[in-house]
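Chemist: My file is my_file14.txt. It has compact mmCIF, C-alpha atoms:
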# COMPACT_ATOMS: atom_id res chain seq x y z
CA MET A 1 32.86 -131.27 118.79
CA THR A 2 34.20 -134.25 116.83
CA GLU A 3 37.71 -135.64 117.18
CA LEU A 4 39.23 -137.68 114.38
CA LEU A 5 42.29 -139.83 114.91
CA VAL A 6 43.83 -140.22 111.46
CA GLY A 7 46.63 -142.74 111.03
CA THR A 8 48.78 -142.00 108.01
CA LYS A 9 51.95 -143.04 106.28
CA LYS A 10 53.73 -140.13 107.99
CA GLY A 11 52.33 -139.98 111.49
CA LEU A 12 49.16 -139.59 113.54
CA PHE A 13 47.01 -136.51 112.96
CA VAL A 14 44.39 -135.45 115.51
CA LEU A 15 41.65 -133.36 113.87
CA GLU A 16 38.91 -131.45 115.69
CA GLY A 17 35.89 -129.44 114.63
CA GLU A 18 32.18 -129.37 113.99
CA PRO A 19 30.67 -131.45 111.17
CA GLY A 20 30.16 -129.49 107.97
CA GLY A 21 33.54 -127.95 107.26
CA GLU A 22 37.27 -128.50 107.32
CA LEU A 23 38.59 -129.75 110.65
CA GLU A 24 41.65 -128.29 112.36
CA VAL A 25 44.86 -130.25 112.98
CA LYS A 26 45.14 -130.03 116.78
CA ALA A 27 48.09 -132.38 117.25
CA ARG A 28 50.51 -134.60 115.39
CA ALA A 29 52.51 -137.50 116.77
CA PHE A 30 55.05 -140.00 115.40
CA ALA A 31 56.10 -137.63 112.63
CA GLY A 32 57.44 -139.49 109.60
CA GLU A 33 56.47 -142.95 110.86
CA PRO A 34 53.60 -145.13 109.62
CA VAL A 35 50.69 -145.13 112.07
CA GLU A 36 48.49 -148.06 111.13
CA TYR A 37 45.69 -147.38 113.62
CA ALA A 38 44.79 -145.21 116.59
CA MET A 39 41.86 -145.21 119.01
CA ARG A 40 40.69 -143.65 122.27
CA ASP A 41 39.64 -146.05 125.02
CA PRO A 42 36.06 -144.98 125.89
CA LEU A 43 36.45 -146.18 129.48
CA THR A 44 39.71 -144.38 130.38
CA ASP A 45 39.99 -141.79 127.58
CA ARG A 46 43.53 -143.08 126.97
CA LEU A 47 44.88 -142.89 123.41
CA LEU A 48 46.52 -145.94 121.85
CA ALA A 49 48.36 -146.08 118.54
CA SER A 50 49.94 -148.81 116.44
CA VAL A 51 53.20 -147.62 114.86
CA THR A 52 55.39 -149.64 112.50
CA SER A 53 59.01 -148.55 112.82
CA ALA A 54 61.36 -149.33 109.97
CA PHE A 55 64.03 -150.13 112.58
CA TYR A 56 62.15 -151.62 115.55
CA GLY A 57 59.09 -153.15 113.94
CA PRO A 58 55.48 -152.79 115.08
CA LYS A 59 54.78 -151.34 118.53
CA ILE A 60 51.77 -150.11 120.50
CA TRP A 61 52.07 -146.75 122.22
CA TYR A 62 49.74 -145.03 124.69
CA ALA A 63 49.25 -141.49 126.02
CA ASP A 64 46.74 -139.31 127.81
CA ASP A 65 47.47 -136.31 125.58
CA PRO A 66 48.29 -136.77 121.87
CA ALA A 67 50.61 -133.75 121.97
CA GLY A 68 52.36 -135.02 125.13
CA GLU A 69 54.60 -137.95 125.95
CA TRP A 70 53.80 -141.37 124.55
CA GLU A 71 54.86 -144.58 126.32
CA GLN A 72 55.63 -147.87 124.62
CA ALA A 73 53.49 -150.82 125.70
CA GLY A 74 55.08 -154.09 126.70
CA GLY A 75 54.43 -157.62 125.50
CA VAL A 76 53.77 -156.85 121.83
CA ALA A 77 55.95 -159.67 120.49
CA LEU A 78 55.84 -163.25 119.29
CA PRO A 79 57.39 -166.14 121.26
CA GLU A 80 61.14 -166.43 120.89
CA GLY A 81 62.64 -169.25 118.91
CA GLY A 82 60.06 -169.41 116.13
CA GLY A 83 60.50 -168.57 112.49
CA ALA A 84 57.67 -166.04 112.27
CA ALA A 85 58.06 -162.29 112.65
CA LEU A 86 55.51 -159.75 113.87
CA GLU A 87 54.90 -157.60 110.80
CA ARG A 88 52.16 -155.15 111.80
CA ILE A 89 49.46 -154.36 114.35
CA TRP A 90 46.35 -153.71 112.29
CA THR A 91 43.76 -152.75 114.87
CA ILE A 92 43.11 -152.04 118.56
CA VAL A 93 39.60 -152.62 119.95
CA ASP A 94 37.97 -152.08 123.33
CA GLY A 95 36.12 -155.08 124.72
CA GLU A 96 32.73 -155.16 126.40
CA GLY A 97 31.95 -154.50 130.05
CA ASP A 98 33.54 -152.35 132.76
CA GLY A 99 36.33 -152.74 135.26
CA ASP A 100 38.46 -155.70 134.16
CA ARG A 101 37.29 -155.68 130.57
CA ALA A 102 39.94 -156.29 127.94
CA LEU A 103 41.49 -154.39 125.09
CA TYR A 104 42.37 -156.42 122.00
CA ALA A 105 44.92 -155.91 119.26
CA GLY A 106 45.09 -157.85 116.01
CA GLY A 107 48.11 -158.18 113.77
CA ASP A 108 50.13 -160.00 111.15
CA PRO A 109 50.78 -162.99 111.11
CA GLY A 110 47.18 -163.62 112.20
CA VAL A 111 47.80 -162.90 115.88
CA LEU A 112 45.63 -161.63 118.73
CA PHE A 113 46.94 -159.76 121.77
CA GLU A 114 44.99 -158.93 124.94
CA SER A 115 45.52 -156.24 127.57
CA ARG A 116 43.96 -156.01 131.03
CA ASP A 117 45.69 -152.81 132.16
CA GLY A 118 44.43 -150.25 129.67
CA GLY A 119 46.98 -151.03 126.97
CA ALA A 120 50.18 -150.68 129.01
CA SER A 121 51.03 -154.37 128.59
CA TRP A 122 49.82 -157.11 126.25
CA GLU A 123 49.75 -160.89 126.12
CA LEU A 124 49.54 -163.15 123.09
CA ASN A 125 46.44 -165.35 122.76
CA ARG A 126 48.09 -168.76 122.68
CA ALA A 127 45.00 -170.71 121.63
CA LEU A 128 44.84 -168.88 118.31
CA TRP A 129 48.63 -168.80 117.87
CA GLU A 130 48.82 -172.57 118.38
CA HIS A 131 45.63 -173.49 116.52
CA PRO A 132 46.16 -176.77 114.64
CA THR A 133 44.91 -175.30 111.35
CA ARG A 134 47.46 -172.45 111.37
CA PRO A 135 49.98 -174.21 109.06
CA GLY A 136 47.32 -174.06 106.31
CA TRP A 137 46.56 -170.35 106.67
CA GLN A 138 47.44 -168.19 103.69
CA PRO A 139 48.16 -164.45 103.61
CA GLY A 140 46.11 -162.01 101.57
CA GLY A 141 47.61 -159.20 99.53
CA GLY A 142 48.30 -157.21 102.71
CA GLY A 143 49.74 -160.14 104.62
CA LEU A 144 48.21 -162.57 107.11
CA CYS A 145 46.36 -159.81 108.92
CA LEU A 146 43.93 -160.06 111.80
CA HIS A 147 42.15 -156.77 111.14
CA SER A 148 38.62 -157.07 112.57
CA ILE A 149 37.81 -157.86 116.22
CA VAL A 150 34.10 -157.74 117.03
CA PRO A 151 32.93 -158.10 120.67
CA TRP A 152 29.44 -159.17 121.68
CA PRO A 153 27.53 -156.51 123.66
CA ASP A 154 27.49 -157.33 127.40
CA ASP A 155 29.23 -160.68 126.95
CA PRO A 156 33.03 -160.34 127.07
CA ASP A 157 33.55 -164.05 126.39
CA ARG A 158 32.11 -163.87 122.86
CA LEU A 159 34.22 -162.52 120.03
CA ALA A 160 34.23 -162.73 116.25
CA MET A 161 37.32 -161.95 114.19
CA GLY A 162 38.23 -161.54 110.54
CA ILE A 163 41.58 -162.69 109.19
CA SER A 164 42.84 -162.17 105.67
CA ALA A 165 42.97 -164.75 104.27
CA ALA A 166 41.97 -167.26 106.94
CA GLY A 167 38.28 -166.37 107.25
CA VAL A 168 36.02 -165.76 110.25
CA TRP A 169 36.92 -167.02 113.73
CA LEU A 170 34.56 -167.31 116.71
CA THR A 171 34.93 -167.92 120.44
CA GLU A 172 32.42 -168.19 123.29
CA ASP A 173 34.94 -168.75 126.09
CA GLY A 174 37.03 -165.60 126.02
CA GLY A 175 39.52 -166.94 123.48
CA SER A 176 40.38 -170.25 125.16
CA THR A 177 39.10 -172.08 122.07
CA TRP A 178 38.38 -170.95 118.51
CA ARG A 179 36.36 -172.28 115.60
CA GLN A 180 35.68 -171.05 112.07
CA GLY A 181 32.45 -169.51 110.80
CA ASN A 182 32.73 -169.53 107.02
CA LYS A 183 29.62 -171.32 105.73
CA GLY A 184 28.27 -169.58 102.62
CA LEU A 185 31.41 -167.62 101.72
CA VAL A 186 32.47 -168.12 98.10
CA ALA A 187 36.08 -167.43 97.11
CA ARG A 188 35.49 -166.39 93.51
CA TYR A 189 39.15 -165.43 93.20
CA VAL A 190 40.24 -169.10 93.14
CA PRO A 191 39.41 -171.65 90.41
CA GLU A 192 35.83 -172.91 90.64
CA GLU A 193 36.88 -176.53 91.19
CA SER A 194 38.88 -175.49 94.29
CA ARG A 195 36.36 -173.18 95.98
CA GLU A 196 34.75 -175.71 98.28
CA GLU A 197 38.09 -176.92 99.66
CA THR A 198 39.95 -173.62 99.97
CA THR A 199 40.75 -172.15 103.36
CA ALA A 200 42.02 -168.91 101.77
CA LEU A 201 38.90 -166.92 102.65
CA CYS A 202 39.84 -163.27 102.35
CA VAL A 203 37.66 -161.27 104.75
CA HIS A 204 38.24 -157.53 104.35
CA ARG A 205 36.10 -156.06 107.17
CA LEU A 206 33.64 -157.30 109.78
CA HIS A 207 30.97 -155.48 111.84
CA ARG A 208 28.23 -156.45 114.31
CA ALA A 209 24.88 -154.70 114.84
CA PRO A 210 24.91 -153.89 118.58
CA ARG A 211 21.12 -153.92 118.96
CA ARG A 212 20.82 -157.28 117.21
CA PRO A 213 24.21 -158.87 117.89
CA GLU A 214 23.51 -162.03 115.91
CA ARG A 215 23.35 -159.76 112.82
CA MET A 216 26.76 -159.19 111.22
CA PHE A 217 27.97 -157.62 107.98
CA MET A 218 31.12 -158.37 106.03
CA GLN A 219 33.05 -156.84 103.15
CA PHE A 220 34.70 -159.78 101.43
CA HIS A 221 37.27 -160.05 98.66
CA GLY A 222 34.50 -160.65 96.17
CA GLY A 223 31.17 -159.69 97.70
CA VAL A 224 29.35 -158.18 100.65
CA TYR A 225 27.77 -160.65 103.07
CA ARG A 226 25.32 -160.72 105.97
CA SER A 227 25.04 -163.21 108.83
CA ASP A 228 21.92 -163.67 110.94
CA ASP A 229 23.36 -166.35 113.22
CA ALA A 230 26.34 -164.56 114.81
CA GLY A 231 28.81 -165.45 112.08
CA GLU A 232 28.14 -169.15 111.72
CA SER A 233 26.86 -168.77 108.13
CA TRP A 234 26.71 -166.01 105.51
CA THR A 235 24.45 -164.76 102.69
CA ASP A 236 25.72 -162.72 99.75
CA ILE A 237 23.99 -159.30 99.66
CA GLY A 238 26.23 -157.56 97.12
CA ALA A 239 23.73 -157.40 94.25
CA GLY A 240 23.11 -153.79 93.32
CA LEU A 241 26.65 -152.55 94.02
CA PRO A 242 28.89 -151.39 91.15
CA SER A 243 31.53 -154.02 92.01
CA ASP A 244 32.07 -156.92 94.37
CA PHE A 245 35.38 -155.58 95.72
CA GLY A 246 36.12 -153.11 98.49
CA PHE A 247 37.69 -152.75 101.91
CA PRO A 248 35.90 -150.48 104.41
CA MET A 249 32.52 -150.85 106.07
CA ALA A 250 30.47 -149.04 108.73
CA ILE A 251 27.04 -149.48 110.33
CA ASP A 252 24.48 -147.33 112.12
CA PRO A 253 24.32 -148.68 115.70
CA ALA A 254 20.63 -147.68 115.90
CA ASP A 255 19.66 -149.77 112.86
CA PRO A 256 20.52 -153.50 112.61
CA ASP A 257 19.57 -153.42 108.91
CA SER A 258 22.12 -150.73 108.03
CA ALA A 259 25.53 -150.95 106.39
CA TYR A 260 27.79 -148.58 104.45
CA VAL A 261 30.47 -149.66 101.97
CA ILE A 262 32.80 -147.93 99.52
CA PRO A 263 33.25 -150.19 96.48
CA LEU A 264 36.45 -150.21 94.44
CA ALA A 265 36.57 -151.15 90.78
CA ALA A 266 38.24 -154.57 91.14
CA ASP A 267 40.97 -156.44 92.98
CA MET A 268 43.34 -155.57 90.13
CA ASP A 269 42.10 -151.96 89.92
CA ARG A 270 41.73 -150.68 93.46
CA VAL A 271 40.26 -147.25 92.77
CA THR A 272 36.76 -145.80 92.91
CA PRO A 273 34.72 -147.01 89.90
CA ASP A 274 34.56 -144.65 86.92
CA GLY A 275 36.54 -142.00 88.82
CA ARG A 276 33.49 -141.21 90.98
CA VAL A 277 33.64 -141.28 94.77
CA ARG A 278 30.47 -142.87 96.17
CA VAL A 279 29.39 -144.42 99.42
CA TYR A 280 26.65 -147.06 99.21
CA GLU A 281 24.08 -147.50 101.96
CA THR A 282 21.57 -150.23 102.74
CA ARG A 283 18.72 -149.87 105.24
CA ASP A 284 17.08 -153.22 104.46
CA ALA A 285 19.92 -155.62 105.35
CA GLY A 286 21.27 -155.70 101.80
CA GLU A 287 18.07 -156.18 99.83
CA SER A 288 18.86 -152.87 98.10
CA TRP A 289 21.64 -150.29 98.04
CA THR A 290 21.45 -146.50 97.65
CA GLU A 291 24.25 -144.41 96.17
CA ARG A 292 25.40 -141.51 98.36
CA GLY A 293 27.69 -139.03 96.60
CA ASP A 294 26.34 -135.52 97.18
CA GLY A 295 29.41 -133.36 97.89
CA LEU A 296 31.95 -136.02 96.89
CA PRO A 297 34.19 -135.81 93.77
CA GLN A 298 32.30 -137.18 90.78
CA GLU A 299 34.86 -137.05 87.99
CA ASN A 300 38.54 -137.79 87.55
CA ALA A 301 38.78 -138.96 91.17
CA TYR A 302 40.47 -142.34 91.24
CA LEU A 303 40.81 -142.78 94.99
CA THR A 304 41.43 -145.72 97.29
CA VAL A 305 39.94 -146.14 100.76
CA LEU A 306 41.61 -148.79 102.90
CA ARG A 307 39.90 -151.20 105.31
CA HIS A 308 40.16 -148.95 108.38
CA GLY A 309 39.64 -145.75 106.43
CA LEU A 310 35.90 -145.44 107.20
CA ASP A 311 34.39 -144.83 110.64
CA ARG A 312 31.28 -143.39 112.26
CA ARG A 313 30.23 -141.43 115.35
CA GLY A 314 26.74 -141.27 116.88
CA GLU A 315 23.67 -142.98 115.47
CA GLY A 316 20.33 -142.47 113.76
CA PRO A 317 19.62 -139.23 111.88
CA GLU A 318 22.66 -137.58 113.52
CA LEU A 319 25.06 -140.33 112.49
CA GLU A 320 28.41 -138.87 111.41
CA LEU A 321 30.53 -140.71 108.85
CA TYR A 322 34.17 -140.03 107.94
CA PHE A 323 36.55 -141.65 105.48
CA GLY A 324 40.13 -140.99 104.43
CA THR A 325 41.88 -141.77 101.17
CA THR A 326 45.34 -142.76 100.05
CA THR A 327 45.53 -139.36 98.34
CA GLY A 328 45.47 -137.67 101.75
CA GLU A 329 41.90 -136.39 101.85
CA VAL A 330 39.26 -136.88 104.54
CA PHE A 331 35.55 -136.54 103.78
CA GLY A 332 32.73 -136.35 106.31
CA SER A 333 28.96 -136.46 106.60
CA GLY A 334 26.86 -135.13 109.45
CA ASP A 335 23.53 -136.49 108.19
CA ALA A 336 24.05 -140.26 107.91
CA GLY A 337 25.59 -140.04 104.45
CA ALA A 338 22.95 -137.93 102.70
CA SER A 339 25.53 -135.20 101.99
CA TRP A 340 29.28 -134.90 102.34
CA PHE A 341 31.92 -132.23 103.00
CA GLY A 342 35.70 -132.00 102.86
CA ALA A 343 37.08 -132.47 106.38
CA ALA A 344 40.81 -132.40 105.59
CA LYS A 345 43.16 -132.33 102.61
CA HIS A 346 46.87 -132.52 101.83
CA LEU A 347 47.55 -135.18 104.48
CA PRO A 348 49.88 -138.12 103.84
CA PRO A 349 48.19 -141.30 102.58
CA VAL A 350 45.51 -142.25 105.10
CA TYR A 351 45.65 -145.72 106.66
CA SER A 352 42.89 -145.37 109.27
CA VAL A 353 40.22 -143.01 110.57
CA ARG A 354 38.69 -143.24 114.04
CA ALA A 355 35.90 -140.83 115.08
CA THR A 356 35.64 -140.13 118.82
CA ARG A 357 33.87 -137.83 121.26
Output the structure of this file as structure tokens.
Modeler:
Amino acid sequence: MTELLVGTKKGLFVLEGEPGGELEVKARAFAGEPVEYAMRDPLTDRLLASVTSAFYGPKIWYADDPAGEWEQAGGVALPEGGGAALERIWTIVDGEGDGDRALYAGGDPGVLFESRDGGASWELNRALWEHPTRPGWQPGGGGLCLHSIVPWPDDPDRLAMGISAAGVWLTEDGGSTWRQGNKGLVARYVPEESREETTALCVHRLHRAPRRPERMFMQFHGGVYRSDDAGESWTDIGAGLPSDFGFPMAIDPADPDSAYVIPLAADMDRVTPDGRVRVYETRDAGESWTERGDGLPQENAYLTVLRHGLDRRGEGPELELYFGTTTGEVFGSGDAGASWFGAAKHLPPVYSVRATR
């Protein structure tokens, strides 16, 4: 049985079912409110959701049962007295290890929160908030969003993060200090004479291969990249894709050479190219890409898939993949992307998909 946590413009939808057909809506929470992201803590089974209220701003909520009572977490706020406002919580990620291991939440304006009590309370990471380069950070089209938080297997002190548009950030001391890892990234969206000096590096999504943790993949605003040195430097691997623009990305945990992306036509035309919905897969670390579209709409389908709209469950030949669209559809694959089926339709615009259990 697969559970999907689908964050939408009008609430959280919990879908359940077996891969291969339409999943059933088992619960709905936060009706009418934007749910940016939801996840289930694999250690405690607790559900956490990021909700952006039009009246109260962004909050994190937690519950043991999605159809039951949700409690608001504490500490999700910026220091008083400053001019910045907390705009959105983009993602919630479980850290590595057991017992006292952390949960992390990333948001706009480029902020990182940490929880040590299962998400009931949070604390701002001051080292990143007070980083001396922060005055030069620039927001991307969706704001100054910290959207990707990538732990290192079995080493809770090592994290990589992606910020749009402030690039890749790395720590080896649990977030006490941070440095950038942007060597090789090319910002083709700025004038050529300014590319070497720009700090406006618009990372869209970041993933790490758990069985070779120094191997990382990135969807960039203008390319797909691979790192073989834990995010210190990057190589463009986007040749062979129909465009160099897109948001979501997934990997097969069993295969360090794997990555899945869903290209969009261009930064000024954020729909599937040629009205065809296709997922592209590499199994050779980006040397080549294979189009996967069996079962997906192949004409007059101008869809958009956002950065957290693609997720996976399992690994290897039984890898399940799911993605949601801004037109309210969810598609799934139970055979590592070889074929696809409709998992849900007629939902509000989908912001995020998280596959669990």
Chemist: Which residues are close to Trp122 (chain A), i.e. within 12 Å by all atoms listed in the file, leaving aside same-chain residues fewer than 4 positions away? Reply as a PyMOL selection string.
Modeler: chain A and resi 59-61+72-78+92+102-106+112-118
Chemist: Residues as selected, C-alpha atoms, written as an mmCIF file, in the frame of the given file, can you do that?
Modeler:
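What landed in again.cif:
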data_model
loop_
_atom_site.group_PDB
_atom_site.id
_atom_site.type_symbol
_atom_site.label_atom_id
_atom_site.label_comp_id
_atom_site.auth_asym_id
_atom_site.auth_seq_id
_atom_site.Cartn_x
_atom_site.Cartn_y
_atom_site.Cartn_z
ATOM 1 C CA LYS A 59 54.780 -151.340 118.530
ATOM 2 C CA ILE A 60 51.770 -150.110 120.500
ATOM 3 C CA TRP A 61 52.070 -146.750 122.220
ATOM 4 C CA GLN A 72 55.630 -147.870 124.620
ATOM 5 C CA ALA A 73 53.490 -150.820 125.700
ATOM 6 C CA GLY A 74 55.080 -154.090 126.700
ATOM 7 C CA GLY A 75 54.430 -157.620 125.500
ATOM 8 C CA VAL A 76 53.770 -156.850 121.830
ATOM 9 C CA ALA A 77 55.950 -159.670 120.490
ATOM 10 C CA LEU A 78 55.840 -163.250 119.290
ATOM 11 C CA ILE A 92 43.110 -152.040 118.560
ATOM 12 C CA ALA A 102 39.940 -156.290 127.940
ATOM 13 C CA LEU A 103 41.490 -154.390 125.090
ATOM 14 C CA TYR A 104 42.370 -156.420 122.000
ATOM 15 C CA ALA A 105 44.920 -155.910 119.260
ATOM 16 C CA GLY A 106 45.090 -157.850 116.010
ATOM 17 C CA LEU A 112 45.630 -161.630 118.730
ATOM 18 C CA PHE A 113 46.940 -159.760 121.770
ATOM 19 C CA GLU A 114 44.990 -158.930 124.940
ATOM 20 C CA SER A 115 45.520 -156.240 127.570
ATOM 21 C CA ARG A 116 43.960 -156.010 131.030
ATOM 22 C CA ASP A 117 45.690 -152.810 132.160
ATOM 23 C CA GLY A 118 44.430 -150.250 129.670
#
Chemist: If we draw a sphere of 7 Å around (49.1, -139.3, 97.3), which residues have at least one atom in it when counting only C-alpha atoms? Please report them as a list of chain:residue names.
Modeler: A:Thr326, A:Thr327, A:Gly328, A:Pro348, A:Pro349
Chemist: As an MDAnalysis selection string, please: the residues near Thr2 (chain A) (cut-off 9 Å, all atoms listed in the file, same-chain neighbours under 3 positions excluded).
Modeler: chainID A and resid 15:19 23 313 355:357
Chemist: Report, in Å to a single decimal, how far apart CA of Leu206 (chain A) and CA of Arg188 (chain A) are.
Modeler: 18.7 Å
Chemist: Report as a list of chain:residue names all protein, DNA and RNA residues lying within 8 Å of region 63-70 of chain A, evaluated on all atoms listed in the file, omitting residues in the same chain fewer than 6 positions from it.
Modeler: A:Val14, A:Ala27, A:Arg28, A:Ala29, A:Asp45, A:Arg46, A:Leu47, A:Leu48
Chemist: What is the distance between CA of Leu146 (chain A) and CA of Cys202 (chain A), in Å to one decimal?
Modeler: 10.8 Å
Chemist: How big is the axis-aligned box around all listed atoms of region 121-130 of chain A once 4 Å goes on each side, and where's its centre, in Å to one decimal, as JSON?
Modeler:
{"center_x": 47.9, "center_y": -163.5, "center_z": 123.2, "size_x": 14.2, "size_y": 26.2, "size_z": 18.7}
Chemist: Could you check the closest approach to Ala285 (chain A) for each of A:Asp257, A:Glu71, A:Glu3, A:Asp173 and tell me which residue wins, using only C-alpha atoms?
Modeler: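 Selected residue with least distance to Ala285 (chain A): A:Asp257.
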Chemist: Select, counting only C-alpha atoms, all protein, DNA and RNA residues no farther than 12 Å from (50.6, -173.3, 118.0) in file coordinates, and express the selection as a ChimeraX atom specification.
Modeler: /A:78-79,82,84,110-111,124-135
Chemist: Quick one: residues within 8 Å of Phe331 (chain A), all atoms listed in the file, excluding same-chain residues fewer than 3 positions away - as a ChimeraX atom specification?
Modeler: /A:296,322-324,340-344
